[in-house]
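To be precise, the following lines are final-v5.pdb, and they hold PDB, C-alpha atoms and all ligand atoms.
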```pdb
ATOM      1  CA  MET D   3      -0.760  16.029  12.015
ATOM      2  CA  SER D   4       1.877  18.540  10.920
ATOM      3  CA  ASN D   5       1.342  19.186   7.195
ATOM      4  CA  LEU D   6       4.665  17.592   6.297
ATOM      5  CA  LEU D   7       3.436  17.007   2.742
ATOM      6  CA  SER D   8       1.620  20.277   2.228
ATOM      7  CA  GLY D   9       1.520  21.125  -1.494
ATOM      8  CA  LYS D  10       2.943  17.755  -2.538
ATOM      9  CA  LYS D  11       1.342  15.463  -5.102
ATOM     10  CA  GLY D  12       1.860  11.734  -5.201
ATOM     11  CA  ILE D  13       0.807   8.416  -6.679
ATOM     12  CA  ILE D  14       0.099   5.469  -4.409
ATOM     13  CA  SER D  15      -0.172   1.910  -5.710
ATOM     14  CA  GLY D  16      -1.230  -1.266  -3.927
ATOM     15  CA  ALA D  17      -4.158  -0.337  -1.652
ATOM     16  CA  LEU D  18      -6.297  -3.486  -1.824
ATOM     17  CA  ASN D  19      -8.188  -3.281   1.475
ATOM     18  CA  SER D  20      -7.899  -1.513   4.827
ATOM     19  CA  GLU D  21      -5.162  -3.971   5.920
ATOM     20  CA  SER D  22      -2.888  -2.977   3.016
ATOM     21  CA  LEU D  23       0.247  -1.035   3.876
ATOM     22  CA  ALA D  24      -0.556   1.293   0.950
ATOM     23  CA  TRP D  25      -4.007   2.017   2.424
ATOM     24  CA  LYS D  26      -2.449   3.391   5.601
ATOM     25  CA  VAL D  27       0.155   5.286   3.593
ATOM     26  CA  ALA D  28      -2.563   6.926   1.472
ATOM     27  CA  GLU D  29      -4.520   8.005   4.564
ATOM     28  CA  ARG D  30      -1.425   9.445   6.269
ATOM     29  CA  CYS D  31      -0.230  11.294   3.154
ATOM     30  CA  VAL D  32      -3.582  13.023   2.819
ATOM     31  CA  GLU D  33      -3.667  13.828   6.547
ATOM     32  CA  GLU D  34      -0.271  15.474   6.064
ATOM     33  CA  GLY D  35      -1.590  17.702   3.290
ATOM     34  CA  ALA D  36      -0.738  15.762   0.107
ATOM     35  CA  GLN D  37      -2.956  15.384  -2.929
ATOM     36  CA  ILE D  38      -2.862  11.821  -4.233
ATOM     37  CA  VAL D  39      -3.866   9.538  -7.099
ATOM     38  CA  LEU D  40      -4.587   5.908  -6.218
ATOM     39  CA  THR D  41      -3.837   3.007  -8.527
ATOM     40  CA  ASN D  42      -4.164  -0.747  -8.502
ATOM     41  CA  ALA D  43      -4.509  -3.649 -10.939
ATOM     42  CA  PRO D  44      -7.931  -3.712 -12.652
ATOM     43  CA  VAL D  45      -8.726  -7.068 -10.987
ATOM     44  CA  ALA D  46      -8.112  -5.583  -7.509
ATOM     45  CA  MET D  47     -10.235  -2.561  -8.361
ATOM     46  CA  ARG D  48     -13.164  -4.795  -9.249
ATOM     47  CA  MET D  49     -13.181  -5.953  -5.635
ATOM     48  CA  GLY D  50     -14.340  -2.411  -4.951
ATOM     49  CA  GLU D  51     -12.837  -1.545  -1.572
ATOM     50  CA  ILE D  52     -10.458   1.036  -3.023
ATOM     51  CA  ASN D  53     -13.437   3.277  -3.881
ATOM     52  CA  GLY D  54     -14.102   3.876  -0.178
ATOM     53  CA  LEU D  55     -10.492   4.984   0.295
ATOM     54  CA  ALA D  56     -10.693   7.170  -2.811
ATOM     55  CA  GLU D  57     -13.735   8.942  -1.409
ATOM     56  CA  LYS D  58     -12.083   9.455   1.961
ATOM     57  CA  CYS D  59      -8.895  10.781   0.352
ATOM     58  CA  ASN D  60     -10.723  12.770  -2.337
ATOM     59  CA  ALA D  61      -8.516  10.983  -4.868
ATOM     60  CA  PRO D  62      -9.154   9.596  -8.344
ATOM     61  CA  VAL D  63      -8.414   5.921  -8.951
ATOM     62  CA  ILE D  64      -6.596   5.117 -12.189
ATOM     63  CA  GLY D  65      -6.362   1.400 -12.905
ATOM     64  CA  ALA D  66      -3.035   0.003 -14.111
ATOM     65  CA  ASP D  67      -1.521  -3.435 -14.308
ATOM     66  CA  ALA D  68       1.978  -2.531 -13.137
ATOM     67  CA  THR D  69       3.513  -5.004 -15.601
ATOM     68  CA  SER D  70       2.010  -3.174 -18.606
ATOM     69  CA  MET D  71       3.999  -0.251 -20.011
ATOM     70  CA  GLU D  72       0.860   0.956 -21.783
ATOM     71  CA  ASP D  73      -1.115   1.025 -18.523
ATOM     72  CA  LEU D  74       1.733   2.784 -16.724
ATOM     73  CA  GLU D  75       2.033   5.436 -19.412
ATOM     74  CA  ASN D  76      -1.691   6.048 -19.130
ATOM     75  CA  LEU D  77      -1.461   6.163 -15.313
ATOM     76  CA  PHE D  78       1.322   8.745 -15.182
ATOM     77  CA  SER D  79      -0.021  10.867 -18.073
ATOM     78  CA  LYS D  80      -3.520  10.971 -16.572
ATOM     79  CA  SER D  81      -2.044  11.753 -13.161
ATOM     80  CA  MET D  82      -0.205  14.748 -14.613
ATOM     81  CA  GLU D  83      -3.440  15.898 -16.256
ATOM     82  CA  HIS D  84      -5.223  15.553 -12.914
ATOM     83  CA  PHE D  85      -2.545  17.436 -10.972
ATOM     84  CA  GLY D  86      -2.038  20.024 -13.717
ATOM     85  CA  GLY D  87       1.679  19.201 -13.900
ATOM     86  CA  LYS D  88       4.370  16.945 -12.490
ATOM     87  CA  PHE D  89       4.109  15.080  -9.197
ATOM     88  CA  ASP D  90       6.459  14.804  -6.196
ATOM     89  CA  PHE D  91       6.346  11.244  -4.938
ATOM     90  CA  VAL D  92       5.539   7.697  -6.062
ATOM     91  CA  PHE D  93       4.893   4.675  -3.864
ATOM     92  CA  HIS D  94       5.353   1.106  -5.153
ATOM     93  CA  SER D  95       3.542  -1.343  -2.864
ATOM     94  CA  ILE D  96       3.068  -4.336  -5.139
ATOM     95  CA  GLY D  97       3.929  -7.973  -4.600
ATOM     96  CA  MET D  98       2.638 -11.366  -5.654
ATOM     97  CA  SER D  99       4.227 -14.800  -6.091
ATOM     98  CA  VAL D 100       2.547 -17.319  -8.359
ATOM     99  CA  ASN D 101       4.589 -20.242  -6.977
ATOM    100  CA  VAL D 102       3.777 -19.284  -3.362
ATOM    101  CA  ARG D 103       0.105 -18.965  -4.241
ATOM    102  CA  LYS D 104       0.121 -22.411  -5.805
ATOM    103  CA  GLY D 105       2.086 -23.956  -2.937
ATOM    104  CA  LYS D 106       5.093 -25.036  -5.040
ATOM    105  CA  PRO D 107       8.188 -25.958  -2.968
ATOM    106  CA  TYR D 108      11.352 -23.901  -3.618
ATOM    107  CA  THR D 109      13.140 -26.973  -5.000
ATOM    108  CA  ASP D 110      10.423 -27.514  -7.611
ATOM    109  CA  LEU D 111       9.479 -24.042  -8.841
ATOM    110  CA  ASN D 112       7.727 -23.408 -12.136
ATOM    111  CA  HIS D 113      10.056 -20.982 -13.917
ATOM    112  CA  GLU D 114       7.378 -19.444 -16.112
ATOM    113  CA  TRP D 115       5.469 -18.544 -12.971
ATOM    114  CA  MET D 116       8.726 -17.245 -11.495
ATOM    115  CA  GLN D 117       9.059 -14.824 -14.431
ATOM    116  CA  LYS D 118       5.558 -13.578 -13.706
ATOM    117  CA  THR D 119       6.432 -13.154 -10.024
ATOM    118  CA  PHE D 120       9.530 -11.112 -10.882
ATOM    119  CA  ASP D 121       7.577  -9.044 -13.387
ATOM    120  CA  VAL D 122       4.811  -8.162 -10.909
ATOM    121  CA  SER D 123       6.926  -7.781  -7.772
ATOM    122  CA  ALA D 124      10.169  -6.220  -9.042
ATOM    123  CA  ILE D 125      10.391  -5.417 -12.754
ATOM    124  CA  SER D 126       7.197  -3.366 -12.368
ATOM    125  CA  PHE D 127       9.279  -0.977 -10.231
ATOM    126  CA  HIS D 128      11.757  -0.498 -13.082
ATOM    127  CA  LYS D 129       8.867  -0.139 -15.525
ATOM    128  CA  MET D 130       7.311   2.549 -13.341
ATOM    129  CA  MET D 131      10.579   4.459 -13.027
ATOM    130  CA  GLN D 132      11.365   4.187 -16.741
ATOM    131  CA  THR D 133       7.908   5.535 -17.626
ATOM    132  CA  ILE D 134       8.239   8.416 -15.155
ATOM    133  CA  TRP D 135      11.716   9.127 -16.574
ATOM    134  CA  LYS D 136      10.532   9.183 -20.201
ATOM    135  CA  LEU D 137       7.512  11.360 -19.440
ATOM    136  CA  ASP D 138       9.669  13.639 -17.266
ATOM    137  CA  ALA D 139       6.803  13.365 -14.805
ATOM    138  CA  ILE D 140       8.440  13.927 -11.423
ATOM    139  CA  ASN D 141       9.512  17.245  -9.910
ATOM    140  CA  ASP D 142      13.083  17.997  -8.823
ATOM    141  CA  TRP D 143      13.699  16.760  -5.256
ATOM    142  CA  GLY D 144      10.927  14.198  -5.648
ATOM    143  CA  SER D 145      10.914  10.820  -3.892
ATOM    144  CA  ILE D 146      10.309   7.299  -5.233
ATOM    145  CA  LEU D 147       9.843   4.499  -2.703
ATOM    146  CA  ALA D 148       9.100   0.758  -2.787
ATOM    147  CA  LEU D 149       8.391  -1.731  -0.008
ATOM    148  CA  SER D 150      10.816  -4.585   0.556
ATOM    149  CA  TYR D 151      11.495  -7.362   3.026
ATOM    150  CA  ILE D 152      14.649  -8.689   4.733
ATOM    151  CA  ALA D 153      14.395 -11.991   2.835
ATOM    152  CA  ALA D 154      16.396 -10.080   0.192
ATOM    153  CA  GLN D 155      19.433 -10.447   2.515
ATOM    154  CA  ARG D 156      18.691 -13.465   4.754
ATOM    155  CA  VAL D 157      17.065 -16.835   4.166
ATOM    156  CA  PHE D 158      13.405 -17.269   5.090
ATOM    157  CA  PRO D 159      12.563 -20.592   3.411
ATOM    158  CA  ASP D 160       8.785 -20.129   3.078
ATOM    159  CA  TYR D 161       9.231 -16.729   1.378
ATOM    160  CA  SER D 162      10.437 -18.681  -1.669
ATOM    161  CA  GLU D 163      11.003 -16.747  -4.914
ATOM    162  CA  MET D 164       9.796 -13.524  -3.286
ATOM    163  CA  ALA D 165      13.287 -13.347  -1.741
ATOM    164  CA  GLU D 166      14.844 -12.959  -5.187
ATOM    165  CA  SER D 167      12.074 -10.537  -6.181
ATOM    166  CA  LYS D 168      12.967  -8.284  -3.270
ATOM    167  CA  ALA D 169      16.715  -8.519  -4.009
ATOM    168  CA  LEU D 170      15.958  -7.400  -7.563
ATOM    169  CA  LEU D 171      13.638  -4.639  -6.359
ATOM    170  CA  GLU D 172      16.306  -3.236  -4.029
ATOM    171  CA  SER D 173      18.908  -3.375  -6.793
ATOM    172  CA  PHE D 174      16.619  -1.424  -9.161
ATOM    173  CA  ALA D 175      16.303   1.277  -6.476
ATOM    174  CA  ARG D 176      20.093   1.649  -6.328
ATOM    175  CA  SER D 177      20.696   1.567 -10.078
ATOM    176  CA  PHE D 178      17.852   3.905 -11.079
ATOM    177  CA  GLY D 179      18.631   6.027  -8.019
ATOM    178  CA  TYR D 180      21.942   6.912  -9.659
ATOM    179  CA  HIS D 181      20.245   8.156 -12.839
ATOM    180  CA  PHE D 182      17.410   9.964 -11.071
ATOM    181  CA  GLY D 183      19.810  11.551  -8.601
ATOM    182  CA  THR D 184      22.312  12.771 -11.165
ATOM    183  CA  THR D 185      19.833  14.113 -13.668
ATOM    184  CA  LYS D 186      16.747  15.108 -11.718
ATOM    185  CA  HIS D 187      17.625  15.426  -8.016
ATOM    186  CA  VAL D 188      15.101  12.672  -7.334
ATOM    187  CA  ARG D 189      15.735  10.057  -4.658
ATOM    188  CA  VAL D 190      14.915   6.353  -4.853
ATOM    189  CA  ASN D 191      14.783   4.065  -1.814
ATOM    190  CA  THR D 192      13.305   0.839  -0.521
ATOM    191  CA  LEU D 193      11.772   0.466   2.940
ATOM    192  CA  SER D 194      12.215  -3.012   4.451
ATOM    193  CA  GLN D 195       9.160  -3.577   6.619
ATOM    194  CA  SER D 196       8.470  -6.039   9.491
ATOM    195  CA  PRO D 197       5.998  -8.849   8.833
ATOM    196  CA  THR D 198       2.543  -7.255   8.789
ATOM    197  CA  MET D 199      -0.908  -8.879   8.754
ATOM    198  CA  THR D 200      -2.041  -8.044   5.212
ATOM    199  CA  THR D 201      -3.476 -10.090   2.341
ATOM    200  CA  ALA D 202      -0.046 -10.505   0.674
ATOM    201  CA  GLY D 203       1.706 -11.156   4.016
ATOM    202  CA  GLN D 204      -0.716 -13.836   5.120
ATOM    203  CA  GLY D 205      -0.336 -15.590   1.762
ATOM    204  CA  VAL D 206       3.062 -16.861   2.956
ATOM    205  CA  LYS D 207       2.983 -20.330   4.586
ATOM    206  CA  GLY D 208       3.314 -20.328   8.392
ATOM    207  CA  PHE D 209       2.951 -16.525   8.465
ATOM    208  CA  HIS D 210       1.347 -16.334  11.921
ATOM    209  CA  ASP D 211       4.173 -18.290  13.605
ATOM    210  CA  PHE D 212       6.695 -16.293  11.710
ATOM    211  CA  PHE D 213       5.010 -13.015  12.681
ATOM    212  CA  SER D 214       5.274 -13.851  16.391
ATOM    213  CA  TYR D 215       8.878 -15.097  16.005
ATOM    214  CA  ALA D 216       9.905 -11.744  14.447
ATOM    215  CA  ASP D 217       7.923  -9.876  17.085
ATOM    216  CA  LYS D 218       9.867 -11.618  19.895
ATOM    217  CA  MET D 219      13.233 -11.274  18.141
ATOM    218  CA  SER D 220      12.850  -7.508  17.626
ATOM    219  CA  PRO D 221      13.672  -5.379  20.697
ATOM    220  CA  LEU D 222      10.885  -2.967  19.771
ATOM    221  CA  GLY D 223       8.542  -5.650  18.444
ATOM    222  CA  ASN D 224       7.263  -5.764  14.863
ATOM    223  CA  ALA D 225       6.709  -2.339  13.337
ATOM    224  CA  PRO D 226       2.957  -1.771  12.866
ATOM    225  CA  ALA D 227       1.481  -0.667   9.521
ATOM    226  CA  GLU D 228       0.559   2.778  10.906
ATOM    227  CA  ASN D 229       4.203   3.424  11.803
ATOM    228  CA  CYS D 230       5.300   2.202   8.385
ATOM    229  CA  ALA D 231       2.984   4.864   6.949
ATOM    230  CA  ASN D 232       4.607   7.523   9.156
ATOM    231  CA  TYR D 233       8.058   6.524   7.920
ATOM    232  CA  CYS D 234       6.850   6.692   4.304
ATOM    233  CA  VAL D 235       5.495  10.210   4.920
ATOM    234  CA  MET D 236       8.919  11.218   6.223
ATOM    235  CA  LEU D 237      10.587   9.723   3.151
ATOM    236  CA  PHE D 238       8.261  11.692   0.851
ATOM    237  CA  SER D 239       8.851  14.892   2.822
ATOM    238  CA  ASP D 240      11.594  17.494   2.350
ATOM    239  CA  TYR D 241      13.292  16.267   5.547
ATOM    240  CA  THR D 242      14.907  13.360   3.646
ATOM    241  CA  ARG D 243      16.060  15.117   0.463
ATOM    242  CA  TYR D 244      19.543  13.617   0.550
ATOM    243  CA  VAL D 245      18.568  10.052   1.456
ATOM    244  CA  THR D 246      18.830   7.962  -1.684
ATOM    245  CA  MET D 247      19.777   4.507  -3.038
ATOM    246  CA  GLN D 248      19.194   3.021   0.429
ATOM    247  CA  ASN D 249      17.381  -0.007   1.757
ATOM    248  CA  LEU D 250      15.964   1.324   5.038
ATOM    249  CA  TYR D 251      14.932  -1.146   7.718
ATOM    250  CA  HIS D 252      11.675  -0.434   9.506
ATOM    251  CA  ASP D 253      11.626  -3.543  11.633
ATOM    252  CA  GLY D 254      11.912  -2.797  15.361
ATOM    253  CA  GLY D 255      15.595  -3.803  15.304
ATOM    254  CA  PHE D 256      15.101  -7.302  13.854
ATOM    255  CA  SER D 257      17.782  -6.945  11.164
ATOM    256  CA  THR D 258      20.563  -6.285  13.696
ATOM    257  CA  MET D 259      19.687  -9.055  16.169
ATOM    258  CA  GLY D 260      21.560 -12.346  16.416
ATOM    259  CA  MET D 261      19.730 -13.982  19.314
ATOM    260  CA  ASN D 262      17.085 -12.705  21.688
ATOM    261  CA  PRO D 263      16.771 -14.530  25.042
ATOM    262  CA  ALA D 264      13.014 -13.834  24.876
ATOM    263  CA  LEU D 265      12.826 -16.499  22.172
ATOM    264  CA  ILE D 266      14.358 -19.327  24.175
ATOM    265  CA  GLN D 267      12.636 -18.734  27.483
TER
HETATM  266  N1  LIG D 301       2.813  -7.741   4.735
HETATM  267  C1  LIG D 301       4.083  -7.971   5.003
HETATM  268  O1  LIG D 301       4.436  -8.721   5.914
HETATM  269  C2  LIG D 301       5.131  -7.247   4.222
HETATM  270  C3  LIG D 301       6.429  -7.107   4.747
HETATM  271  C4  LIG D 301       7.408  -6.452   3.990
HETATM  272  C5  LIG D 301       7.096  -5.979   2.720
HETATM  273  N2  LIG D 301       5.816  -6.145   2.214
HETATM  274  C6  LIG D 301       5.533  -5.644   0.858
HETATM  275  O2  LIG D 301       4.574  -4.611   0.947
HETATM  276  C7  LIG D 301       3.958  -4.478  -0.334
HETATM  277  C8  LIG D 301       2.449  -4.361  -0.150
HETATM  278  O3  LIG D 301       1.923  -5.575   0.325
HETATM  279  P1  LIG D 301       0.849  -5.672   1.505
HETATM  280  O4  LIG D 301       1.468  -6.507   2.569
HETATM  281  O5  LIG D 301       0.296  -4.330   1.836
HETATM  282  O6  LIG D 301      -0.268  -6.608   0.849
HETATM  283  P2  LIG D 301      -1.529  -6.306  -0.107
HETATM  284  O7  LIG D 301      -1.967  -7.639  -0.593
HETATM  285  O8  LIG D 301      -2.513  -5.480   0.590
HETATM  286  O9  LIG D 301      -0.890  -5.460  -1.317
HETATM  287  C9  LIG D 301      -0.307  -6.043  -2.474
HETATM  288  C10 LIG D 301      -0.845  -5.234  -3.638
HETATM  289  O10 LIG D 301      -0.218  -5.594  -4.879
HETATM  290  C11 LIG D 301      -1.211  -5.365  -5.879
HETATM  291  N3  LIG D 301      -0.872  -6.000  -7.157
HETATM  292  C12 LIG D 301      -0.661  -7.335  -7.376
HETATM  293  N4  LIG D 301      -0.421  -7.527  -8.697
HETATM  294  C13 LIG D 301      -0.450  -6.304  -9.306
HETATM  295  C14 LIG D 301      -0.267  -5.854 -10.633
HETATM  296  N5  LIG D 301      -0.002  -6.699 -11.648
HETATM  297  N6  LIG D 301      -0.384  -4.516 -10.900
HETATM  298  C15 LIG D 301      -0.653  -3.635  -9.907
HETATM  299  N7  LIG D 301      -0.828  -4.004  -8.609
HETATM  300  C16 LIG D 301      -0.733  -5.321  -8.321
HETATM  301  C17 LIG D 301      -2.449  -5.993  -5.243
HETATM  302  O11 LIG D 301      -3.647  -5.665  -5.917
HETATM  303  C18 LIG D 301      -2.353  -5.431  -3.840
HETATM  304  O12 LIG D 301      -3.033  -4.193  -3.749
HETATM  305  C19 LIG D 301       4.414  -5.679  -1.164
HETATM  306  O13 LIG D 301       5.504  -5.297  -1.980
HETATM  307  C20 LIG D 301       4.904  -6.638  -0.087
HETATM  308  O14 LIG D 301       5.828  -7.578  -0.565
HETATM  309  C21 LIG D 301       4.841  -6.744   2.948
END
```
Take the structure I supplied and represent it as structure tokens, if you would.
Amino acid sequence: MSNLLSGKKGIISGALNSESLAWKVAERCVEEGAQIVLTNAPVAMRMGEINGLAEKCNAPVIGADATSMEDLENLFSKSMEHFGGKFDFVFHSIGMSVNVRKGKPYTDLNHEWMQKTFDVSAISFHKMMQTIWKLDAINDWGSILALSYIAAQRVFPDYSEMAESKALLESFARSFGYHFGTTKHVRVNTLSQSPTMTTAGQGVKGFHDFFSYADKMSPLGNAPAENCANYCVMLFSDYTRYVTMQNLYHDGGFSTMGMNPALIQ
């Protein structure tokens, strides 16, 4: 521990259970001296596990469906009331595909469900940023970060419409990053994480085989959730003030590999 986030205040979405990437991020941010507010969809909060994290992190939980502008306005206004002013970082760790959940093949997707998938997994990021922008809720030199996956750039057939969701998410980071950078000195990035054994991750068909494929392909192996949390801490800290509008791979080298002999032995 080094108090990298001493005095910083942040909002962390997406901690469902102790496997969640956001769970680890919340724990690490608090260990590094941050004060945080936790948020998740009301349905996830009813499952109750987030309360244990809230107690451990001494953080309030403010429910918000990330697709609802009303909920988001309430989340960010209440957070400012709690902190007694603006905050310094925001973490978007939200993803869900209706078509993947229902096992629809990519060549026969339900497009209404697809809209819902995009709304939850990508447009929610724009909605969050627009709400923060309108409320003028983030301090100068703040940091906004969302989690992505390399299916935004390469084809992973079982990832289905989540690939397009992530492409959209990354594009929102670049486009809003321009506005936040120019006007408020705030940076916006996406972190592209290795496959990780979480509830959302394991919802993808064939995930276990895919996890071990990526692990063998990556010279350093798959990046564990704890290390993802460390990278997020760095991206919220003052050591990355001029990093913005980037998609940053945290994947043990996977994204640069063509072939790894370990896979064909
Ligand atoms: N696990 C992986 O392999 C992996 C790899 C790269 C990126 N990611 C991304 O990491 C992020 C976090 O996923 P995770 O793997 O920790 O799984 P997770 O299931 O623990 O987290 C997903 C979260 O999204 C929340 N959510 C869903 N709908 C919501 C809504 N309408 N409003 C607010 N919150 C909502 C869920 O309640 C849950 O907390 C996602 O964006 C995911 O795509 C995951």
For stretch 139-151 of chain D: contacts at 8 Å, all atoms listed in the file, fewer than 5 positions along chain excluded, given as a PyMOL selection string: chain D and resi 78-79+82+87-96+127+134+165+168+171-172+186-196+234+237-238+240+243
Output check: residues returned by the PyMOL selection byres (((chain D and resi 25) around 12) and not hetatm), as a ChimeraX atom specification: /D:14-24,26-32,38,40-42,51-56,58-59,93,95,200,227-228,230-231,234
Could you save the residues just selected, with C-alpha atoms, as a PDB file, in the frame of the given file?
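Now in again07.pdb:
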```pdb
ATOM      1  CA  ILE D  14       0.099   5.469  -4.409  1.00  0.00           C
ATOM      2  CA  SER D  15      -0.172   1.910  -5.710  1.00  0.00           C
ATOM      3  CA  GLY D  16      -1.230  -1.266  -3.927  1.00  0.00           C
ATOM      4  CA  ALA D  17      -4.158  -0.337  -1.652  1.00  0.00           C
ATOM      5  CA  LEU D  18      -6.297  -3.486  -1.824  1.00  0.00           C
ATOM      6  CA  ASN D  19      -8.188  -3.281   1.475  1.00  0.00           C
ATOM      7  CA  SER D  20      -7.899  -1.513   4.827  1.00  0.00           C
ATOM      8  CA  GLU D  21      -5.162  -3.971   5.920  1.00  0.00           C
ATOM      9  CA  SER D  22      -2.888  -2.977   3.016  1.00  0.00           C
ATOM     10  CA  LEU D  23       0.247  -1.035   3.876  1.00  0.00           C
ATOM     11  CA  ALA D  24      -0.556   1.293   0.950  1.00  0.00           C
ATOM     12  CA  LYS D  26      -2.449   3.391   5.601  1.00  0.00           C
ATOM     13  CA  VAL D  27       0.155   5.286   3.593  1.00  0.00           C
ATOM     14  CA  ALA D  28      -2.563   6.926   1.472  1.00  0.00           C
ATOM     15  CA  GLU D  29      -4.520   8.005   4.564  1.00  0.00           C
ATOM     16  CA  ARG D  30      -1.425   9.445   6.269  1.00  0.00           C
ATOM     17  CA  CYS D  31      -0.230  11.294   3.154  1.00  0.00           C
ATOM     18  CA  VAL D  32      -3.582  13.023   2.819  1.00  0.00           C
ATOM     19  CA  ILE D  38      -2.862  11.821  -4.233  1.00  0.00           C
ATOM     20  CA  LEU D  40      -4.587   5.908  -6.218  1.00  0.00           C
ATOM     21  CA  THR D  41      -3.837   3.007  -8.527  1.00  0.00           C
ATOM     22  CA  ASN D  42      -4.164  -0.747  -8.502  1.00  0.00           C
ATOM     23  CA  GLU D  51     -12.837  -1.545  -1.572  1.00  0.00           C
ATOM     24  CA  ILE D  52     -10.458   1.036  -3.023  1.00  0.00           C
ATOM     25  CA  ASN D  53     -13.437   3.277  -3.881  1.00  0.00           C
ATOM     26  CA  GLY D  54     -14.102   3.876  -0.178  1.00  0.00           C
ATOM     27  CA  LEU D  55     -10.492   4.984   0.295  1.00  0.00           C
ATOM     28  CA  ALA D  56     -10.693   7.170  -2.811  1.00  0.00           C
ATOM     29  CA  LYS D  58     -12.083   9.455   1.961  1.00  0.00           C
ATOM     30  CA  CYS D  59      -8.895  10.781   0.352  1.00  0.00           C
ATOM     31  CA  PHE D  93       4.893   4.675  -3.864  1.00  0.00           C
ATOM     32  CA  SER D  95       3.542  -1.343  -2.864  1.00  0.00           C
ATOM     33  CA  THR D 200      -2.041  -8.044   5.212  1.00  0.00           C
ATOM     34  CA  ALA D 227       1.481  -0.667   9.521  1.00  0.00           C
ATOM     35  CA  GLU D 228       0.559   2.778  10.906  1.00  0.00           C
ATOM     36  CA  CYS D 230       5.300   2.202   8.385  1.00  0.00           C
ATOM     37  CA  ALA D 231       2.984   4.864   6.949  1.00  0.00           C
ATOM     38  CA  CYS D 234       6.850   6.692   4.304  1.00  0.00           C
TER      39      CYS D 234
END
```
Distance query D:Ser220 at most 12 Å, all atoms listed in the file, self and fewer than 6 positions along chain excluded, as a list in words: Ser196, Pro197, Phe213, Ser214, Tyr251, His252, Asp253, Gly254, Gly255, Phe256, Ser257, Thr258, Met259, Gly260, Met261, Asn262, Pro263, Ala264 and Leu265 of chain D
Same residues, C-alpha atoms, saved as a PDB file, in the frame of the given file:
```pdb
ATOM      1  CA  SER D 196       8.470  -6.039   9.491  1.00  0.00           C
ATOM      2  CA  PRO D 197       5.998  -8.849   8.833  1.00  0.00           C
ATOM      3  CA  PHE D 213       5.010 -13.015  12.681  1.00  0.00           C
ATOM      4  CA  SER D 214       5.274 -13.851  16.391  1.00  0.00           C
ATOM      5  CA  TYR D 251      14.932  -1.146   7.718  1.00  0.00           C
ATOM      6  CA  HIS D 252      11.675  -0.434   9.506  1.00  0.00           C
ATOM      7  CA  ASP D 253      11.626  -3.543  11.633  1.00  0.00           C
ATOM      8  CA  GLY D 254      11.912  -2.797  15.361  1.00  0.00           C
ATOM      9  CA  GLY D 255      15.595  -3.803  15.304  1.00  0.00           C
ATOM     10  CA  PHE D 256      15.101  -7.302  13.854  1.00  0.00           C
ATOM     11  CA  SER D 257      17.782  -6.945  11.164  1.00  0.00           C
ATOM     12  CA  THR D 258      20.563  -6.285  13.696  1.00  0.00           C
ATOM     13  CA  MET D 259      19.687  -9.055  16.169  1.00  0.00           C
ATOM     14  CA  GLY D 260      21.560 -12.346  16.416  1.00  0.00           C
ATOM     15  CA  MET D 261      19.730 -13.982  19.314  1.00  0.00           C
ATOM     16  CA  ASN D 262      17.085 -12.705  21.688  1.00  0.00           C
ATOM     17  CA  PRO D 263      16.771 -14.530  25.042  1.00  0.00           C
ATOM     18  CA  ALA D 264      13.014 -13.834  24.876  1.00  0.00           C
ATOM     19  CA  LEU D 265      12.826 -16.499  22.172  1.00  0.00           C
TER      20      LEU D 265
END
```
Selection under test: the PyMOL selection byres (((chain D and resi 98) around 6) and not hetatm); residues as a ChimeraX atom specification: /D:97,99,123
Test item: which residues lie within 12 Å of (0.5, -2.6, -16.6) counting all atoms listed in the file, as a ChimeraX atom specification: /D:15,41-45,64-78,96,121-122,125-130,133
Between atom CA of D:Tyr215 and atom CA of D:Gln248 - distance in Å to one decimal: 26.0 Å
Would you mind listing what lies within 6 Å of D:Val39 as a PDB file with C-alpha atoms, in the coordinates of the input, with all atoms listed in the file counted and same-chain residues fewer than 3 positions away left out?
```pdb
ATOM      1  CA  ILE D  13       0.807   8.416  -6.679  1.00  0.00           C
ATOM      2  CA  ALA D  61      -8.516  10.983  -4.868  1.00  0.00           C
ATOM      3  CA  PRO D  62      -9.154   9.596  -8.344  1.00  0.00           C
TER       4      PRO D  62
END
```
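If only C-alpha atoms and all ligand atoms are the atoms counted, then among D:Asp211, D:Gln204, D:Ser239, D:Val63 the closest residue to ligand LIG 301 (chain D) is D:Gln204.
Here atom CA of D:Arg103 stands at a distance of 27.1 Å from atom CA of D:Met219.
Of note, atom CA of D:Asn249 and atom O3 of ligand LIG 301 (chain D) are spaced 16.5 Å apart.
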Picked residues, the PyMOL selection byres (((chain D and resi 162) around 10) and not hetatm), expected as a CSV table (one decimal) with C-alpha atoms, keeping the file's coordinate frame:
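Wrote expr_16.csv, looks like this:
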```csv
chain,number,residue,atom,x,y,z
D,99,SER,CA,4.2,-14.8,-6.1
D,101,ASN,CA,4.6,-20.2,-7.0
D,102,VAL,CA,3.8,-19.3,-3.4
D,105,GLY,CA,2.1,-24.0,-2.9
D,106,LYS,CA,5.1,-25.0,-5.0
D,107,PRO,CA,8.2,-26.0,-3.0
D,108,TYR,CA,11.4,-23.9,-3.6
D,109,THR,CA,13.1,-27.0,-5.0
D,111,LEU,CA,9.5,-24.0,-8.8
D,153,ALA,CA,14.4,-12.0,2.8
D,157,VAL,CA,17.1,-16.8,4.2
D,158,PHE,CA,13.4,-17.3,5.1
D,159,PRO,CA,12.6,-20.6,3.4
D,160,ASP,CA,8.8,-20.1,3.1
D,161,TYR,CA,9.2,-16.7,1.4
D,163,GLU,CA,11.0,-16.7,-4.9
D,164,MET,CA,9.8,-13.5,-3.3
D,165,ALA,CA,13.3,-13.3,-1.7
D,166,GLU,CA,14.8,-13.0,-5.2
D,167,SER,CA,12.1,-10.5,-6.2
D,206,VAL,CA,3.1,-16.9,3.0
D,207,LYS,CA,3.0,-20.3,4.6
```
